Amino acid sequence: QVQLVESGGGLVQAGGSLRLSCAASGRSFSSYTMGWFRQAPGKEREFVAVGWMTGHAYYAEYADSVKGRFTISRDNAKNTVYLQMNNLEAEDTAVYYCAAGHPGSRTVVTGGYDYWGQGTQVTVSS
């Protein structure tokens with residue numbers, strides 16, 4: 001069982017930055033694939049970023065809409081995954097969720113994740 005708690009959301013002006021954190025409890029955190037998703041009002045939850053381990057190598061993949069602006073990273077010693085968001089746009093306004101999925105998997109769909117956090121609100125004013 002893995003429990004996830006997001007933090008770091010808030011209100012920021014367009015062009016600004018935020019760093020989201022997702023603290024995980026449970027065993028074997030370092031092996032889990034960790035993803036970030038977001039859901040804007042009236043829209044479906046969408047993929048933002050995923051990071052996964054294969055052997056000792058770490059990989060990351062991003063949605064086209066955030067590529068070059070967002071960075072996913074993790075600190076296994078702290079059982080925490082981060083989402084650094086730069087050059088924020090009004091279209092980035094949403095509730096952001098972190099999720100934990102099957103170790104070693106590269107998955108960009110919600111069905112590929114077993115555990116979810118409660119979400120943190122990000123609001124970007126234009």
# chains A, B, ... in the order shown; residues from 1 in each chain; ligands from 1
call {"tool": "select_by_dssp", "arguments": {"residues": "segment 2-125 of chain A", "states": "strand (DSSP E or B)", "output": "VMD selection string"}}
result
chain A and resid 3 to 7 10 to 13 18 to 25 33 to 39 46 to 54 57 to 62 70 to 75 80 to 85 94 to 101 113 to 116 120 to 125
call {"tool": "residues_around", "arguments": {"residues": "Ser7 of chain A", "least_positions_apart": "3", "cutoff": "7 Å", "atoms": "only C-alpha atoms", "output": "MDAnalysis selection string"}}
result
chainID A and resid 20:22 120
call {"tool": "residues_around", "arguments": {"residues": "segment 24-36 of chain A", "least_positions_apart": "4", "cutoff": "6 Å", "atoms": "only C-alpha atoms", "output": "mmCIF file with C-alpha atoms, in the first residue's frame"}}
result
data_model
loop_
_atom_site.group_PDB
_atom_site.id
_atom_site.type_symbol
_atom_site.label_atom_id
_atom_site.label_comp_id
_atom_site.auth_asym_id
_atom_site.auth_seq_id
_atom_site.Cartn_x
_atom_site.Cartn_y
_atom_site.Cartn_z
ATOM 1 C CA VAL A 2 1.272 3.472 -0.894
ATOM 2 C CA GLN A 3 -0.127 6.748 0.380
ATOM 3 C CA LEU A 4 0.602 9.954 -1.508
ATOM 4 C CA VAL A 48 1.444 15.710 -17.428
ATOM 5 C CA ALA A 49 4.678 13.840 -16.684
ATOM 6 C CA VAL A 50 6.005 10.421 -15.732
ATOM 7 C CA GLY A 51 9.312 9.233 -14.335
ATOM 8 C CA TRP A 52 10.393 5.619 -14.090
ATOM 9 C CA ASN A 76 14.293 8.387 -3.113
ATOM 10 C CA ASN A 79 10.351 9.276 -0.650
ATOM 11 C CA THR A 80 9.329 12.340 -2.594
ATOM 12 C CA TYR A 97 -2.384 14.790 -8.788
ATOM 13 C CA CYS A 98 0.560 12.522 -8.288
ATOM 14 C CA ALA A 99 0.211 8.807 -8.784
ATOM 15 C CA ALA A 100 2.250 5.661 -8.257
ATOM 16 C CA GLY A 101 2.251 2.854 -10.781
ATOM 17 C CA HIS A 102 3.815 -0.466 -11.564
ATOM 18 C CA PRO A 103 7.608 -0.462 -11.205
#
call {"tool": "residues_around", "arguments": {"residues": "Val12 of chain A", "least_positions_apart": "6", "cutoff": "9 Å", "atoms": "only C-alpha atoms", "output": "list in words"}}
result
Leu18, Leu88, Val122, Thr123, Val124 and Ser125 of chain A
call {"tool": "write_last_selection", "arguments": {"atoms": "N, CA and C atoms", "output": "short mmCIF file (atom, residue, chain, number, x, y, z; two decimals), in the first residue's frame"}}
result
data_model
loop_
_atom_site.label_atom_id
_atom_site.label_comp_id
_atom_site.auth_asym_id
_atom_site.auth_seq_id
_atom_site.Cartn_x
_atom_site.Cartn_y
_atom_site.Cartn_z
N LEU A 18 6.26 27.30 -9.94
CA LEU A 18 5.87 26.58 -8.72
C LEU A 18 6.57 25.24 -8.73
N LEU A 88 4.73 29.36 -16.28
CA LEU A 88 3.34 28.89 -16.20
C LEU A 88 2.40 29.75 -17.03
N VAL A 122 -3.54 24.36 -8.49
CA VAL A 122 -2.64 25.34 -9.10
C VAL A 122 -3.48 26.30 -9.92
N THR A 123 -3.36 27.57 -9.62
CA THR A 123 -4.11 28.60 -10.34
C THR A 123 -3.13 29.61 -10.90
N VAL A 124 -3.20 29.82 -12.20
CA VAL A 124 -2.30 30.75 -12.88
C VAL A 124 -3.13 31.91 -13.40
N SER A 125 -2.84 33.10 -12.93
CA SER A 125 -3.59 34.28 -13.36
C SER A 125 -2.89 34.92 -14.56
#
call {"tool": "atom_distance", "arguments": {"atom1": "atom CA of Tyr82 of chain A", "atom2": "atom CA of Tyr59 of chain A"}}
result
14.1 Å
call {"tool": "atom_distance", "arguments": {"atom1": "atom CA of Val109 of chain A", "atom2": "atom CA of Lys43 of chain A"}}
result
14.9 Å
call {"tool": "atom_distance", "arguments": {"atom1": "atom CA of Arg74 of chain A", "atom2": "atom CA of Glu91 of chain A"}}
result
25.1 Å
call {"tool": "residues_around", "arguments": {"residues": "Phe70 of chain A", "least_positions_apart": "6", "cutoff": "7 Å", "atoms": "only C-alpha atoms", "output": "PyMOL selection string"}}
result
chain A and resi 83-86
call {"tool": "write_last_selection", "arguments": {"atoms": "all heavy atoms", "output": "PDB file, in the first residue's frame"}}
result
ATOM      1  N   LEU A  83       7.489  18.119  -9.086  1.00  0.00           N
ATOM      2  CA  LEU A  83       7.177  18.633 -10.409  1.00  0.00           C
ATOM      3  C   LEU A  83       7.519  20.118 -10.402  1.00  0.00           C
ATOM      4  O   LEU A  83       6.810  20.915  -9.787  1.00  0.00           O
ATOM      5  CB  LEU A  83       5.701  18.423 -10.765  1.00  0.00           C
ATOM      6  CG  LEU A  83       5.332  18.846 -12.186  1.00  0.00           C
ATOM      7  CD1 LEU A  83       5.997  17.897 -13.205  1.00  0.00           C
ATOM      8  CD2 LEU A  83       3.822  18.847 -12.393  1.00  0.00           C
ATOM      9  N   GLN A  84       8.623  20.453 -11.042  1.00  0.00           N
ATOM     10  CA  GLN A  84       9.020  21.856 -11.181  1.00  0.00           C
ATOM     11  C   GLN A  84       8.314  22.429 -12.397  1.00  0.00           C
ATOM     12  O   GLN A  84       8.466  21.897 -13.500  1.00  0.00           O
ATOM     13  CB  GLN A  84      10.536  21.956 -11.350  1.00  0.00           C
ATOM     14  CG  GLN A  84      11.032  23.385 -11.562  1.00  0.00           C
ATOM     15  CD  GLN A  84      10.828  24.257 -10.332  1.00  0.00           C
ATOM     16  OE1 GLN A  84      11.100  23.840  -9.219  1.00  0.00           O
ATOM     17  NE2 GLN A  84      10.341  25.482 -10.556  1.00  0.00           N
ATOM     18  N   MET A  85       7.563  23.493 -12.187  1.00  0.00           N
ATOM     19  CA  MET A  85       6.773  24.090 -13.253  1.00  0.00           C
ATOM     20  C   MET A  85       7.242  25.526 -13.470  1.00  0.00           C
ATOM     21  O   MET A  85       7.128  26.360 -12.569  1.00  0.00           O
ATOM     22  CB  MET A  85       5.289  24.065 -12.895  1.00  0.00           C
ATOM     23  CG  MET A  85       4.786  22.678 -12.529  1.00  0.00           C
ATOM     24  SD  MET A  85       2.999  22.619 -12.262  1.00  0.00           S
ATOM     25  CE  MET A  85       2.849  23.668 -10.814  1.00  0.00           C
ATOM     26  N   ASN A  86       7.772  25.781 -14.648  1.00  0.00           N
ATOM     27  CA  ASN A  86       8.268  27.111 -14.996  1.00  0.00           C
ATOM     28  C   ASN A  86       7.447  27.711 -16.130  1.00  0.00           C
ATOM     29  O   ASN A  86       6.766  26.990 -16.863  1.00  0.00           O
ATOM     30  CB  ASN A  86       9.740  27.023 -15.417  1.00  0.00           C
ATOM     31  CG  ASN A  86      10.635  26.528 -14.308  1.00  0.00           C
ATOM     32  OD1 ASN A  86      10.385  26.763 -13.122  1.00  0.00           O
ATOM     33  ND2 ASN A  86      11.696  25.830 -14.678  1.00  0.00           N
TER      34      ASN A  86
END
call {"tool": "closest_residue", "arguments": {"among": "A:Ala57, A:Glu6, A:Gln121, A:Arg45", "to": "Val95 of chain A", "atoms": "only C-alpha atoms"}}
result
A:Gln121
call {"tool": "closest_residue", "arguments": {"among": "A:Ile72, A:Tyr113, A:Gly119, A:Ser126", "to": "Arg19 of chain A", "atoms": "only C-alpha atoms"}}
result
A:Ile72
call {"tool": "closest_residue", "arguments": {"among": "A:Gly111, A:Pro41, A:Ala23, A:Ala94", "to": "Ala77 of chain A", "atoms": "only C-alpha atoms"}}
result
A:Ala23
call {"tool": "select_by_dssp", "arguments": {"residues": "segment 19-117 of chain A", "states": "helix (DSSP H, G or I)", "output": "PyMOL selection string"}}
result
chain A and resi 29-31+76-78+90-92+110-112
call {"tool": "closest_residue", "arguments": {"among": "A:Gln1, A:Ser73, A:Gln39, A:Gln13", "to": "Thr110 of chain A", "atoms": "only C-alpha atoms"}}
result
A:Gln39
